[in-house]
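Visitor: Sharing a structure with you now.
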Amino acid sequence: MNLSIQAFLAFFPILLAGILLVGLRWPAKRAMPFVLLVAIIIAYFAWGMPVNRIIASTFEGLGVTASILWIIFGAILLLNTLKHSGALKVIRAGFTNISTDRRVQVIIIAWLFGSFIEGASGFGTPAAIAAPLLLGLGFPALGAVVIGMMIQSTPVSFGAVGTPIVIGVTTGLKTSALEAQLVAAGTNWEQFLQIITSEVAIIHGIIGTFIPLLMCMVLTRYFGKNKSWSEGLSIAPFAIFAGLAFTIPYVLTGVFLGPEFPSLIGALVGLVIVVTAAKAKFLIPKDTWDFEPSKNWPSNWMGDLDIKLENLTDKSSKISLAKAWLPYLLVAIFLVLSRIPSLGIDKALKFVTISFKDILSEAGINASFSPLYLPGGIMILVVLITYFLHNMKAKELFSAIGESSKTLLGAGFVLIFTIPMVRILINSGVNVNDYESMPIAMAQWVADTMGGIYPAFAASIGALGAFIAGSNTVSNMMLAQFQFSTAVNLGLTGSVFVALQAVGAAAGNMIAIHNVVAAAATVGMLGNEGIVLRKTILPTLYYVIFAGIIGLIMIYGFDITDKLTVYLSSL
């Protein structure tokens with residue numbers, strides 16, 4: 001079977017998912033079982049993937065599903081706990097005191113606070129936290145999910161304390177042969193990884209500066225009374241200022257300190273600068289933008305999660321703004337501390353781990369569940385602290401637990417079909433026909449077809465990998481070696497190709513199906529995944545197109561890459 005046919009068959013499950021979810025607007029709970037069946041048929045009959053490996057991949061997917069559901073549960077439980085404690089009402093009032101403009105609230109909560117959570121935890125956590133928080137502040141559920149997904153772009157490459165670079169790129173690219181080549185060239189792996197990190201930070205910094213503006217424009221176009229792009233554009237000076245407040249320290253951290261802290265430091269510096277500026281009304285337009293009254297919202301904007309605050313006993317007068325925000329601050333602190341290996345906290349939390357290695361004797365197919373280390377466990381710990389901190393009654397906590405548990409059922413049903421499909425595609429490299437795995441086959445076809453202009457599409461391949469896997473880290477593991485080898489075959493700079501891979505894989509998180517399902521579940525929006533994808537495809541295209549343009553310039557223009565390499569090697 002030639003490469004073109006392989007690429008088409010490998011892409012077909014993804015194409016089918018797009019047609020069913022976006023084109024025909026099927027809910028994911030209806031579409032994904034069908035897509036899984038098609039993926040299994042292609043894996044077995046076209047790829048020659050053994051039945052045992054298909055089954056093992058399915059079990060691996062179920063293990064990943066358990067981890068995602070645990071995160072979803074923790075995020076929803078924290079929101080419901082704050083609702084019943086009265087803290088959510090205080091948080092809403094606090095944002096009103098900063099600005100009643102929903103565009104400003106999106107920039108602060110999603111772009112900055114969400115980026116901080118991404119830097120601390122990654123793996124879809126910012127959408128799981130920010131989307132329900134936006135919902136609690138009065139945003140429509142659909143808008144909360146769409147904005148929550150857009151967080152998963154610029155900060156993602158350095159999310160979870162740099163995991164997509166430190167683990168993803170290193171695991172996918174570092175070999176003894178490459179290390180020997182680097183030593184022969186007078187450098188080493190650490191310096192090479194730092195060059196990649198710097199290039200990733202610079203590309204993200206350029207593109208990401210405009211993401212807050214795009215968030216505002218998406219908000220006003222899709223969720224405003226006038227369906228206007230210009231109402232979002234009118235806040236451009238403040239939005240671009242907020243973008244730079246994050247991206248400048250972000251880029252500097254990536255270039256001079258490495259991959260662990262760009263998103264964390266960028267978000268912290270940005271929060272201080274932007275909140276101060278918003279309070280002073282610096283660059284804030286005179287027009288204040290808000291949604292129509294909720295009674296006028298279309299039904300497909302609404303979720304099943306009930307966060308109405310007016311029906312609860314008002315306890316907010318007993319809780320200060322600082323005390324109301326403290327649970328989210330504790331989540332951020334605990335996530336950061338648990339993700340710094342030198343502290344050893346991660347090992348202690350991972351002591352309680354359920355793991356399955358080489359499932360059904362299939363090499364490399366593993367699953368594990370670490371309830372204390374995962375963000376879900378940390379958020380549940382914070383819920384218990386909040387119970388005492390906010391002087392809650394037992395019945396209030398039990399109400400929060402009951403409401404949160406109901407949300408998991410729908411999400412679980414969808415994800416048990418979605419993630420096994422992903423793992424089958426990724427694990428299809430072991431087969432009787434000696435074909436590369438399906439993602440690699442798709443990427444190889446694109447590279448062979450595009451030739452010298454391939455740098456324009458390298459980020460798109462990274463995004464495709466993340467769309468399939470739902471993870472920047474996994475996309476980098478799958479495709480970093482492919483991207484580097486393609487550069488070598490074309491006689492071009494390998495570090496730039498790997499950087500474009502990492503940037504594109506970050507952008508692909510905005511349209512990754514099981515990320516959309518997980519985010520939708522946190523606000524009770526299951527069944528509307530196709531509508532979300534229709535709206536998040538725009539910022540994804542913006543990201544990969546401009547990354548491709550920047551990549552072409554770095555490869556073919558101004559010798560930027562060579563100068564950067566020389567400079568970093570001298571540090």
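Residues are referred to by chain and number: the chain letter is A, B, ... according to the order shown in the structure tokens, the number counts from 1 in that chain, and ligands are numbered separately from 1 in the order shown.
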Just the residues within 10 Å of Leu326 of chain A, please, counting only C-alpha atoms, with nothing from its chain fewer than 4 positions along; format it as a list in words.

Guide: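 In the requested form, the answer reads Ala87, Ser320, Leu321, Ala322, Leu330, Val331, Ala332, Val382, Thr386 and Leu389 of chain A.
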
Visitor: Could those selected residues go to a file with N, CA, C and O atoms, as a PDB file, in the first residue's frame?

Guide:
```
ATOM      1  N   ALA A  87     -18.260  31.912  48.468  1.00  0.00           N
ATOM      2  CA  ALA A  87     -17.056  32.542  47.933  1.00  0.00           C
ATOM      3  C   ALA A  87     -17.222  32.963  46.478  1.00  0.00           C
ATOM      4  O   ALA A  87     -16.669  33.984  46.052  1.00  0.00           O
ATOM      5  N   SER A 320     -14.043  37.440  53.021  1.00  0.00           N
ATOM      6  CA  SER A 320     -13.344  38.522  52.335  1.00  0.00           C
ATOM      7  C   SER A 320     -12.961  38.081  50.933  1.00  0.00           C
ATOM      8  O   SER A 320     -12.961  36.888  50.615  1.00  0.00           O
ATOM      9  N   LEU A 321     -12.595  39.041  50.077  1.00  0.00           N
ATOM     10  CA  LEU A 321     -12.182  38.710  48.713  1.00  0.00           C
ATOM     11  C   LEU A 321     -10.936  37.827  48.724  1.00  0.00           C
ATOM     12  O   LEU A 321     -10.843  36.860  47.960  1.00  0.00           O
ATOM     13  N   ALA A 322      -9.995  38.149  49.596  1.00  0.00           N
ATOM     14  CA  ALA A 322      -8.771  37.348  49.680  1.00  0.00           C
ATOM     15  C   ALA A 322      -9.082  35.918  50.107  1.00  0.00           C
ATOM     16  O   ALA A 322      -8.526  34.951  49.567  1.00  0.00           O
ATOM     17  N   LEU A 330      -4.386  28.380  46.502  1.00  0.00           N
ATOM     18  CA  LEU A 330      -3.820  27.139  47.044  1.00  0.00           C
ATOM     19  C   LEU A 330      -3.656  26.083  45.951  1.00  0.00           C
ATOM     20  O   LEU A 330      -2.650  25.355  45.925  1.00  0.00           O
ATOM     21  N   VAL A 331      -4.636  25.997  45.057  1.00  0.00           N
ATOM     22  CA  VAL A 331      -4.511  25.063  43.931  1.00  0.00           C
ATOM     23  C   VAL A 331      -3.248  25.375  43.143  1.00  0.00           C
ATOM     24  O   VAL A 331      -2.448  24.475  42.822  1.00  0.00           O
ATOM     25  N   ALA A 332      -3.064  26.657  42.816  1.00  0.00           N
ATOM     26  CA  ALA A 332      -1.896  27.055  42.033  1.00  0.00           C
ATOM     27  C   ALA A 332      -0.598  26.742  42.776  1.00  0.00           C
ATOM     28  O   ALA A 332       0.348  26.184  42.200  1.00  0.00           O
ATOM     29  N   VAL A 382      -7.865  20.746  48.246  1.00  0.00           N
ATOM     30  CA  VAL A 382      -8.212  22.156  48.488  1.00  0.00           C
ATOM     31  C   VAL A 382      -9.683  22.283  48.874  1.00  0.00           C
ATOM     32  O   VAL A 382     -10.042  23.132  49.698  1.00  0.00           O
ATOM     33  N   THR A 386     -11.026  24.109  52.095  1.00  0.00           N
ATOM     34  CA  THR A 386     -12.048  25.149  51.970  1.00  0.00           C
ATOM     35  C   THR A 386     -13.216  24.897  52.918  1.00  0.00           C
ATOM     36  O   THR A 386     -13.809  25.845  53.456  1.00  0.00           O
ATOM     37  N   LEU A 389     -11.935  26.316  56.036  1.00  0.00           N
ATOM     38  CA  LEU A 389     -11.558  27.714  55.851  1.00  0.00           C
ATOM     39  C   LEU A 389     -12.781  28.625  55.768  1.00  0.00           C
ATOM     40  O   LEU A 389     -12.791  29.731  56.313  1.00  0.00           O
TER      41      LEU A 389
END
```

Visitor: Which neighbours of segment 33-37 of chain A fall inside 7 Å, counting only C-alpha atoms, when residues of the same chain fewer than 5 positions from it are skipped, and could you give them as an MDAnalysis selection string?

Guide: chainID A and resid 13 16:17 417:418 421

Visitor: Residues of the last selection are to be written out with N, CA and C atoms, as a compact mmCIF listing (two decimals), in the first residue's frame.

Guide:
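Result saved to part24.txt:
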```
# COMPACT_ATOMS: atom_id res chain seq x y z
N PRO A 13 -10.39 8.39 10.12
CA PRO A 13 -11.14 8.53 11.38
C PRO A 13 -11.24 9.98 11.87
N LEU A 16 -13.69 11.74 9.57
CA LEU A 16 -15.04 11.31 9.92
C LEU A 16 -15.53 12.01 11.18
N ALA A 17 -14.66 12.11 12.18
CA ALA A 17 -15.03 12.81 13.42
C ALA A 17 -15.39 14.26 13.12
N PHE A 417 -14.91 6.15 24.56
CA PHE A 417 -14.79 5.86 23.13
C PHE A 417 -13.71 6.73 22.48
N THR A 418 -13.59 7.96 22.93
CA THR A 418 -12.67 8.90 22.28
C THR A 418 -11.21 8.54 22.53
N MET A 421 -9.72 5.34 20.91
CA MET A 421 -9.47 5.57 19.49
C MET A 421 -8.12 6.24 19.28
```

Visitor: Out of segment 219-463 of chain A, which residues get strand (DSSP E) from DSSP, as a list in words?

Guide: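 Strand (DSSP E) assignments inside segment 219-463 of chain A correspond to Ile354, Ser355, Phe356, Ala367, Ser368 and Phe369 of chain A.
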
Visitor: Residues of segment 111-149 of chain A that approach segment 367-378 of chain A to 12 Å or less, counting only C-alpha atoms: could you list each one with the shortest pair of atoms and its distance in Å to one decimal, rows by chain and increasing residue number, as a Markdown table?

Guide:
```
| residue | atom | partner | partner_atom | distance |
| --- | --- | --- | --- | --- |
| A:Ile117 | CA | A:Pro375 | CA | 10.2 |
| A:Glu118 | CA | A:Pro375 | CA | 11.1 |
| A:Ala120 | CA | A:Pro375 | CA | 9.7 |
| A:Ser121 | CA | A:Pro375 | CA | 7.0 |
| A:Gly122 | CA | A:Pro375 | CA | 9.1 |
| A:Phe123 | CA | A:Pro375 | CA | 9.1 |
| A:Gly124 | CA | A:Pro375 | CA | 9.9 |
| A:Thr125 | CA | A:Pro375 | CA | 7.2 |
| A:Pro126 | CA | A:Pro375 | CA | 10.3 |
| A:Ala128 | CA | A:Gly376 | CA | 9.9 |
| A:Ile129 | CA | A:Pro375 | CA | 10.2 |
```

Visitor: I'd like to know which of A:Ile416, A:Met149, A:Ile211, A:Ala520 is closest to Tyr542 of chain A, using only C-alpha atoms.

Guide: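 Among A:Ile416, A:Met149, A:Ile211, A:Ala520, it is A:Ile211 that comes nearest to Tyr542 of chain A.
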
Visitor: Please extract the residues of segment 305-539 of chain A with a backbone DSSP assignment of helix (DSSP H, G or I) and present them as a PyMOL selection string.

Guide: chain A and resi 316-318+321-338+341-343+345-349+359-361+375-389+394-429+438-453+455-469+472-490+494-508+513-522+529-539

Visitor: Counting only C-alpha atoms, figure out which residue out of A:Val430, A:Val446, A:Ile511, A:Ile265 gets nearest to Gly48 of chain A.

Guide: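 Smallest separation from Gly48 of chain A among the options: A:Val430.
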
Visitor: Need the shell around segment 189-202 of chain A: protein/DNA/RNA residues with any atom at most 8 Å away, counting only C-alpha atoms. Skip same-chain ones fewer than 6 positions apart. Format as a PDB file with N, CA and C atoms, in the first residue's frame?

Guide:
```pdb
ATOM      1  N   SER A 157       3.088  25.056  25.556  1.00  0.00           N
ATOM      2  CA  SER A 157       4.412  24.455  25.313  1.00  0.00           C
ATOM      3  C   SER A 157       5.277  24.423  26.564  1.00  0.00           C
ATOM      4  N   ILE A 165       8.284  20.214  26.612  1.00  0.00           N
ATOM      5  CA  ILE A 165       9.647  20.348  26.101  1.00  0.00           C
ATOM      6  C   ILE A 165      10.579  19.380  26.814  1.00  0.00           C
ATOM      7  N   THR A 170      12.404  15.833  24.535  1.00  0.00           N
ATOM      8  CA  THR A 170      13.548  14.994  24.899  1.00  0.00           C
ATOM      9  C   THR A 170      13.285  13.530  24.600  1.00  0.00           C
ATOM     10  N   LYS A 174      15.786  12.866  21.569  1.00  0.00           N
ATOM     11  CA  LYS A 174      17.136  12.588  22.061  1.00  0.00           C
ATOM     12  C   LYS A 174      17.523  11.130  21.824  1.00  0.00           C
ATOM     13  N   GLU A 179      23.204  12.804  20.039  1.00  0.00           N
ATOM     14  CA  GLU A 179      24.132  13.359  21.023  1.00  0.00           C
ATOM     15  C   GLU A 179      25.559  13.338  20.490  1.00  0.00           C
ATOM     16  N   LEU A 182      26.001  16.109  17.996  1.00  0.00           N
ATOM     17  CA  LEU A 182      26.088  17.412  18.648  1.00  0.00           C
ATOM     18  C   LEU A 182      27.469  17.625  19.254  1.00  0.00           C
ATOM     19  N   TYR A 250       7.611  36.090  29.418  1.00  0.00           N
ATOM     20  CA  TYR A 250       7.540  34.696  28.952  1.00  0.00           C
ATOM     21  C   TYR A 250       8.730  34.384  28.028  1.00  0.00           C
ATOM     22  N   VAL A 251       8.958  35.245  27.029  1.00  0.00           N
ATOM     23  CA  VAL A 251      10.054  35.028  26.091  1.00  0.00           C
ATOM     24  C   VAL A 251      11.402  35.145  26.797  1.00  0.00           C
ATOM     25  N   GLY A 254      12.057  32.040  28.760  1.00  0.00           N
ATOM     26  CA  GLY A 254      12.385  30.909  27.899  1.00  0.00           C
ATOM     27  C   GLY A 254      13.792  30.990  27.356  1.00  0.00           C
ATOM     28  N   VAL A 255      14.229  32.186  26.962  1.00  0.00           N
ATOM     29  CA  VAL A 255      15.558  32.356  26.368  1.00  0.00           C
ATOM     30  C   VAL A 255      16.663  32.246  27.411  1.00  0.00           C
ATOM     31  N   GLY A 258      15.206  28.798  30.579  1.00  0.00           N
ATOM     32  CA  GLY A 258      14.883  27.452  30.167  1.00  0.00           C
ATOM     33  C   GLY A 258      13.389  27.190  30.097  1.00  0.00           C
ATOM     34  N   PRO A 259      12.983  25.923  29.902  1.00  0.00           N
ATOM     35  CA  PRO A 259      11.588  25.615  29.594  1.00  0.00           C
ATOM     36  C   PRO A 259      10.648  25.455  30.787  1.00  0.00           C
ATOM     37  N   PRO A 262       8.544  29.680  31.827  1.00  0.00           N
ATOM     38  CA  PRO A 262       8.032  30.814  31.038  1.00  0.00           C
ATOM     39  C   PRO A 262       6.559  31.125  31.275  1.00  0.00           C
ATOM     40  N   SER A 495      16.455  22.442  14.461  1.00  0.00           N
ATOM     41  CA  SER A 495      15.880  22.990  15.689  1.00  0.00           C
ATOM     42  C   SER A 495      14.618  23.782  15.396  1.00  0.00           C
ATOM     43  N   VAL A 496      14.569  24.486  14.267  1.00  0.00           N
ATOM     44  CA  VAL A 496      13.393  25.280  13.925  1.00  0.00           C
ATOM     45  C   VAL A 496      12.202  24.366  13.653  1.00  0.00           C
ATOM     46  N   VAL A 498      11.654  21.418  14.913  1.00  0.00           N
ATOM     47  CA  VAL A 498      11.178  20.883  16.192  1.00  0.00           C
ATOM     48  C   VAL A 498      10.437  21.967  16.972  1.00  0.00           C
ATOM     49  N   ALA A 499      10.923  23.209  16.902  1.00  0.00           N
ATOM     50  CA  ALA A 499      10.237  24.324  17.569  1.00  0.00           C
ATOM     51  C   ALA A 499       8.847  24.536  16.973  1.00  0.00           C
ATOM     52  N   LEU A 500       8.732  24.476  15.644  1.00  0.00           N
ATOM     53  CA  LEU A 500       7.432  24.621  14.991  1.00  0.00           C
ATOM     54  C   LEU A 500       6.502  23.475  15.383  1.00  0.00           C
ATOM     55  N   ALA A 502       6.521  21.939  18.293  1.00  0.00           N
ATOM     56  CA  ALA A 502       6.055  22.212  19.660  1.00  0.00           C
ATOM     57  C   ALA A 502       5.015  23.327  19.686  1.00  0.00           C
ATOM     58  N   VAL A 503       5.204  24.354  18.878  1.00  0.00           N
ATOM     59  CA  VAL A 503       4.246  25.460  18.821  1.00  0.00           C
ATOM     60  C   VAL A 503       2.918  24.994  18.241  1.00  0.00           C
ATOM     61  N   LEU A 564      20.815  33.242  16.275  1.00  0.00           N
ATOM     62  CA  LEU A 564      20.306  32.842  17.584  1.00  0.00           C
ATOM     63  C   LEU A 564      21.124  31.677  18.130  1.00  0.00           C
ATOM     64  N   THR A 565      21.463  30.735  17.262  1.00  0.00           N
ATOM     65  CA  THR A 565      22.235  29.566  17.687  1.00  0.00           C
ATOM     66  C   THR A 565      23.602  29.975  18.212  1.00  0.00           C
ATOM     67  N   LEU A 568      23.151  31.803  21.669  1.00  0.00           N
ATOM     68  CA  LEU A 568      22.821  30.928  22.795  1.00  0.00           C
ATOM     69  C   LEU A 568      23.992  30.010  23.149  1.00  0.00           C
ATOM     70  N   SER A 569      24.737  29.596  22.145  1.00  0.00           N
ATOM     71  CA  SER A 569      25.883  28.721  22.413  1.00  0.00           C
ATOM     72  C   SER A 569      26.966  29.451  23.192  1.00  0.00           C
TER      73      SER A 569
END
```

Visitor: Calculated over only C-alpha atoms, which of the candidates A:Phe546, A:Phe484, A:Phe291, A:Phe457 has the smallest distance to Leu173 of chain A?

Guide: A:Phe484

Visitor: Could you check the closest approach to Met438 of chain A for each of A:Ala456, A:Ala110, A:Ile333, A:Ile468 and tell me which residue wins, using only C-alpha atoms?

Guide: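 Closest to Met438 of chain A, using only C-alpha atoms: A:Ile468.
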
Visitor: Could you please determine the separation between atom CA of Asp290 of chain A and atom CA of Arg102 of chain A in Å, to one decimal place?

Guide: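 Atom CA of Arg102 of chain A lies 5.6 Å from atom CA of Asp290 of chain A.
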
Visitor: Could you pull the residues within 10 Å of Ile107 of chain A, counting only C-alpha atoms, minus those fewer than 6 positions along the same chain, as a ChimeraX atom specification?

Guide: /A:113-114,147,211-213,215-216,238-239,242-243,271,274-275

Visitor: Could you take the residues named above and write them with all heavy atoms, as an mmCIF file, in the first residue's frame?

Guide:
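Saved result, again-v2.cif, follows:
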```cif
data_model
loop_
_atom_site.group_PDB
_atom_site.id
_atom_site.type_symbol
_atom_site.label_atom_id
_atom_site.label_comp_id
_atom_site.auth_asym_id
_atom_site.auth_seq_id
_atom_site.Cartn_x
_atom_site.Cartn_y
_atom_site.Cartn_z
ATOM 1 N N PHE A 113 -4.802 34.244 34.455
ATOM 2 C CA PHE A 113 -4.950 33.211 35.480
ATOM 3 C C PHE A 113 -4.915 31.817 34.845
ATOM 4 O O PHE A 113 -4.285 30.894 35.372
ATOM 5 C CB PHE A 113 -6.259 33.421 36.243
ATOM 6 C CG PHE A 113 -6.490 32.422 37.346
ATOM 7 C CD1 PHE A 113 -5.635 32.354 38.426
ATOM 8 C CD2 PHE A 113 -7.560 31.539 37.292
ATOM 9 C CE1 PHE A 113 -5.837 31.425 39.453
ATOM 10 C CE2 PHE A 113 -7.771 30.609 38.299
ATOM 11 C CZ PHE A 113 -6.905 30.562 39.383
ATOM 12 N N GLY A 114 -5.570 31.655 33.695
ATOM 13 C CA GLY A 114 -5.554 30.362 33.001
ATOM 14 C C GLY A 114 -4.164 29.967 32.567
ATOM 15 O O GLY A 114 -3.779 28.801 32.661
ATOM 16 N N ILE A 147 -13.766 30.009 25.301
ATOM 17 C CA ILE A 147 -12.659 30.796 25.841
ATOM 18 C C ILE A 147 -11.706 29.898 26.620
ATOM 19 O O ILE A 147 -10.476 30.052 26.545
ATOM 20 C CB ILE A 147 -13.191 31.926 26.741
ATOM 21 C CG1 ILE A 147 -14.027 32.914 25.918
ATOM 22 C CG2 ILE A 147 -12.043 32.643 27.440
ATOM 23 C CD1 ILE A 147 -13.275 33.593 24.793
ATOM 24 N N ILE A 211 -3.442 36.838 21.125
ATOM 25 C CA ILE A 211 -4.485 35.914 21.564
ATOM 26 C C ILE A 211 -5.516 36.591 22.474
ATOM 27 O O ILE A 211 -6.724 36.359 22.331
ATOM 28 C CB ILE A 211 -3.871 34.675 22.239
ATOM 29 C CG1 ILE A 211 -3.307 33.743 21.171
ATOM 30 C CG2 ILE A 211 -4.896 33.922 23.078
ATOM 31 C CD1 ILE A 211 -4.342 33.051 20.297
ATOM 32 N N PRO A 212 -5.132 37.464 23.426
ATOM 33 C CA PRO A 212 -6.169 38.135 24.224
ATOM 34 C C PRO A 212 -7.141 38.947 23.371
ATOM 35 O O PRO A 212 -8.350 38.956 23.639
ATOM 36 C CB PRO A 212 -5.364 39.040 25.160
ATOM 37 C CG PRO A 212 -4.011 38.441 25.220
ATOM 38 C CD PRO A 212 -3.773 37.824 23.879
ATOM 39 N N LEU A 213 -6.618 39.604 22.344
ATOM 40 C CA LEU A 213 -7.493 40.351 21.435
ATOM 41 C C LEU A 213 -8.418 39.404 20.693
ATOM 42 O O LEU A 213 -9.620 39.677 20.546
ATOM 43 C CB LEU A 213 -6.655 41.163 20.451
ATOM 44 C CG LEU A 213 -7.440 41.945 19.382
ATOM 45 C CD1 LEU A 213 -8.390 42.939 20.035
ATOM 46 C CD2 LEU A 213 -6.479 42.651 18.425
ATOM 47 N N MET A 215 -9.431 36.508 21.714
ATOM 48 C CA MET A 215 -10.425 36.046 22.682
ATOM 49 C C MET A 215 -11.597 37.022 22.768
ATOM 50 O O MET A 215 -12.770 36.617 22.761
ATOM 51 C CB MET A 215 -9.789 35.902 24.070
ATOM 52 C CG MET A 215 -8.925 34.690 24.281
ATOM 53 S SD MET A 215 -8.231 34.684 25.968
ATOM 54 C CE MET A 215 -7.544 33.027 26.023
ATOM 55 N N CYS A 216 -11.265 38.309 22.858
ATOM 56 C CA CYS A 216 -12.314 39.336 22.969
ATOM 57 C C CYS A 216 -13.162 39.394 21.706
ATOM 58 O O CYS A 216 -14.396 39.544 21.778
ATOM 59 C CB CYS A 216 -11.683 40.700 23.250
ATOM 60 S SG CYS A 216 -10.854 40.816 24.848
ATOM 61 N N PHE A 238 -5.806 47.742 25.036
ATOM 62 C CA PHE A 238 -5.654 47.070 26.327
ATOM 63 C C PHE A 238 -5.322 45.593 26.132
ATOM 64 O O PHE A 238 -4.485 45.026 26.854
ATOM 65 C CB PHE A 238 -6.937 47.209 27.146
ATOM 66 C CG PHE A 238 -6.856 46.564 28.513
ATOM 67 C CD1 PHE A 238 -6.196 47.199 29.552
ATOM 68 C CD2 PHE A 238 -7.427 45.315 28.745
ATOM 69 C CE1 PHE A 238 -6.105 46.606 30.805
ATOM 70 C CE2 PHE A 238 -7.339 44.718 29.992
ATOM 71 C CZ PHE A 238 -6.670 45.369 31.030
ATOM 72 N N ALA A 239 -5.961 44.946 25.146
ATOM 73 C CA ALA A 239 -5.734 43.515 24.914
ATOM 74 C C ALA A 239 -4.300 43.247 24.480
ATOM 75 O O ALA A 239 -3.667 42.293 24.944
ATOM 76 C CB ALA A 239 -6.723 42.996 23.873
ATOM 77 N N ALA A 242 -2.078 43.672 27.388
ATOM 78 C CA ALA A 242 -2.143 42.472 28.243
ATOM 79 C C ALA A 242 -1.370 41.317 27.620
ATOM 80 O O ALA A 242 -0.742 40.517 28.328
ATOM 81 C CB ALA A 242 -3.595 42.075 28.468
ATOM 82 N N GLY A 243 -1.412 41.229 26.291
ATOM 83 C CA GLY A 243 -0.634 40.199 25.618
ATOM 84 C C GLY A 243 0.851 40.379 25.849
ATOM 85 O O GLY A 243 1.563 39.430 26.201
ATOM 86 N N LEU A 271 -0.306 39.246 35.460
ATOM 87 C CA LEU A 271 -1.431 39.492 36.376
ATOM 88 C C LEU A 271 -1.234 40.778 37.164
ATOM 89 O O LEU A 271 -2.154 41.593 37.284
ATOM 90 C CB LEU A 271 -1.590 38.299 37.334
ATOM 91 C CG LEU A 271 -2.477 37.150 36.873
ATOM 92 C CD1 LEU A 271 -2.323 35.949 37.800
ATOM 93 C CD2 LEU A 271 -3.940 37.580 36.807
ATOM 94 N N VAL A 274 -1.498 43.799 34.606
ATOM 95 C CA VAL A 274 -2.789 43.998 33.954
ATOM 96 C C VAL A 274 -3.885 44.348 34.957
ATOM 97 O O VAL A 274 -4.725 45.220 34.691
ATOM 98 C CB VAL A 274 -3.163 42.753 33.122
ATOM 99 C CG1 VAL A 274 -4.582 42.872 32.574
ATOM 100 C CG2 VAL A 274 -2.174 42.575 31.980
ATOM 101 N N VAL A 275 -3.912 43.695 36.115
ATOM 102 C CA VAL A 275 -4.926 44.028 37.126
ATOM 103 C C VAL A 275 -4.736 45.470 37.594
ATOM 104 O O VAL A 275 -5.715 46.220 37.743
ATOM 105 C CB VAL A 275 -4.860 43.049 38.311
ATOM 106 C CG1 VAL A 275 -5.721 43.540 39.463
ATOM 107 C CG2 VAL A 275 -5.325 41.659 37.872
#
```

Visitor: Taking 2 positions as the minimum chain separation for residues in the same chain, which residues sit within 9 Å of Tyr543 of chain A when counting only C-alpha atoms? Answer as a PyMOL selection string.

Guide: chain A and resi 153+204+207-208+459+503-504+507+538-541+545-548

Visitor: Kindly export the residues of the current selection with C-alpha atoms, as a compact mmCIF listing (two decimals), in the first residue's frame.

Guide:
```
# COMPACT_ATOMS: atom_id res chain seq x y z
CA SER A 153 -2.37 27.79 23.09
CA HIS A 204 4.83 31.83 20.70
CA ILE A 207 1.76 34.99 17.86
CA GLY A 208 0.49 34.83 21.42
CA ALA A 459 3.28 23.57 12.88
CA VAL A 503 4.25 25.46 18.82
CA GLY A 504 1.75 23.73 16.53
CA ALA A 507 -2.26 25.24 19.20
CA LEU A 538 -10.49 29.95 13.89
CA PRO A 539 -7.85 30.69 16.57
CA THR A 540 -6.17 27.37 15.74
CA LEU A 541 -5.85 28.33 12.06
CA ILE A 545 -0.71 29.84 9.69
CA PHE A 546 1.34 32.53 11.39
CA ALA A 547 3.68 29.94 12.91
CA GLY A 548 4.26 28.66 9.37
```

Visitor: Report, in Å with one decimal, the straight-line distance from atom CA of Leu533 of chain A to atom CA of Val146 of chain A.

Guide: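 Spanning atom CA of Leu533 of chain A to atom CA of Val146 of chain A is a straight-line distance of 8.3 Å.
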
Visitor: Residues near Lys279 of chain A, anyone? I mean within 12 Å using only C-alpha atoms, not counting same-chain ones fewer than 3 positions away, as a ChimeraX atom specification.

Guide: /A:94-101,104-105,108,271-276,282-284

Visitor: Can you work out the spacing between atom CA of Gly232 of chain A and atom CA of Thr536 of chain A in Å, to one decimal?

Guide: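 Taking atom CA of Gly232 of chain A as the start and atom CA of Thr536 of chain A as the end point, the length is 16.2 Å.
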
Visitor: Rank A:Trp111, A:Trp301, A:Trp325, A:Phe467 by their smallest atom-to-atom distance to Gly527 of chain A, using only C-alpha atoms, and report the top residue only.

Guide: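 Ranking A:Trp111, A:Trp301, A:Trp325, A:Phe467 by distance to Gly527 of chain A, first place goes to A:Trp301.
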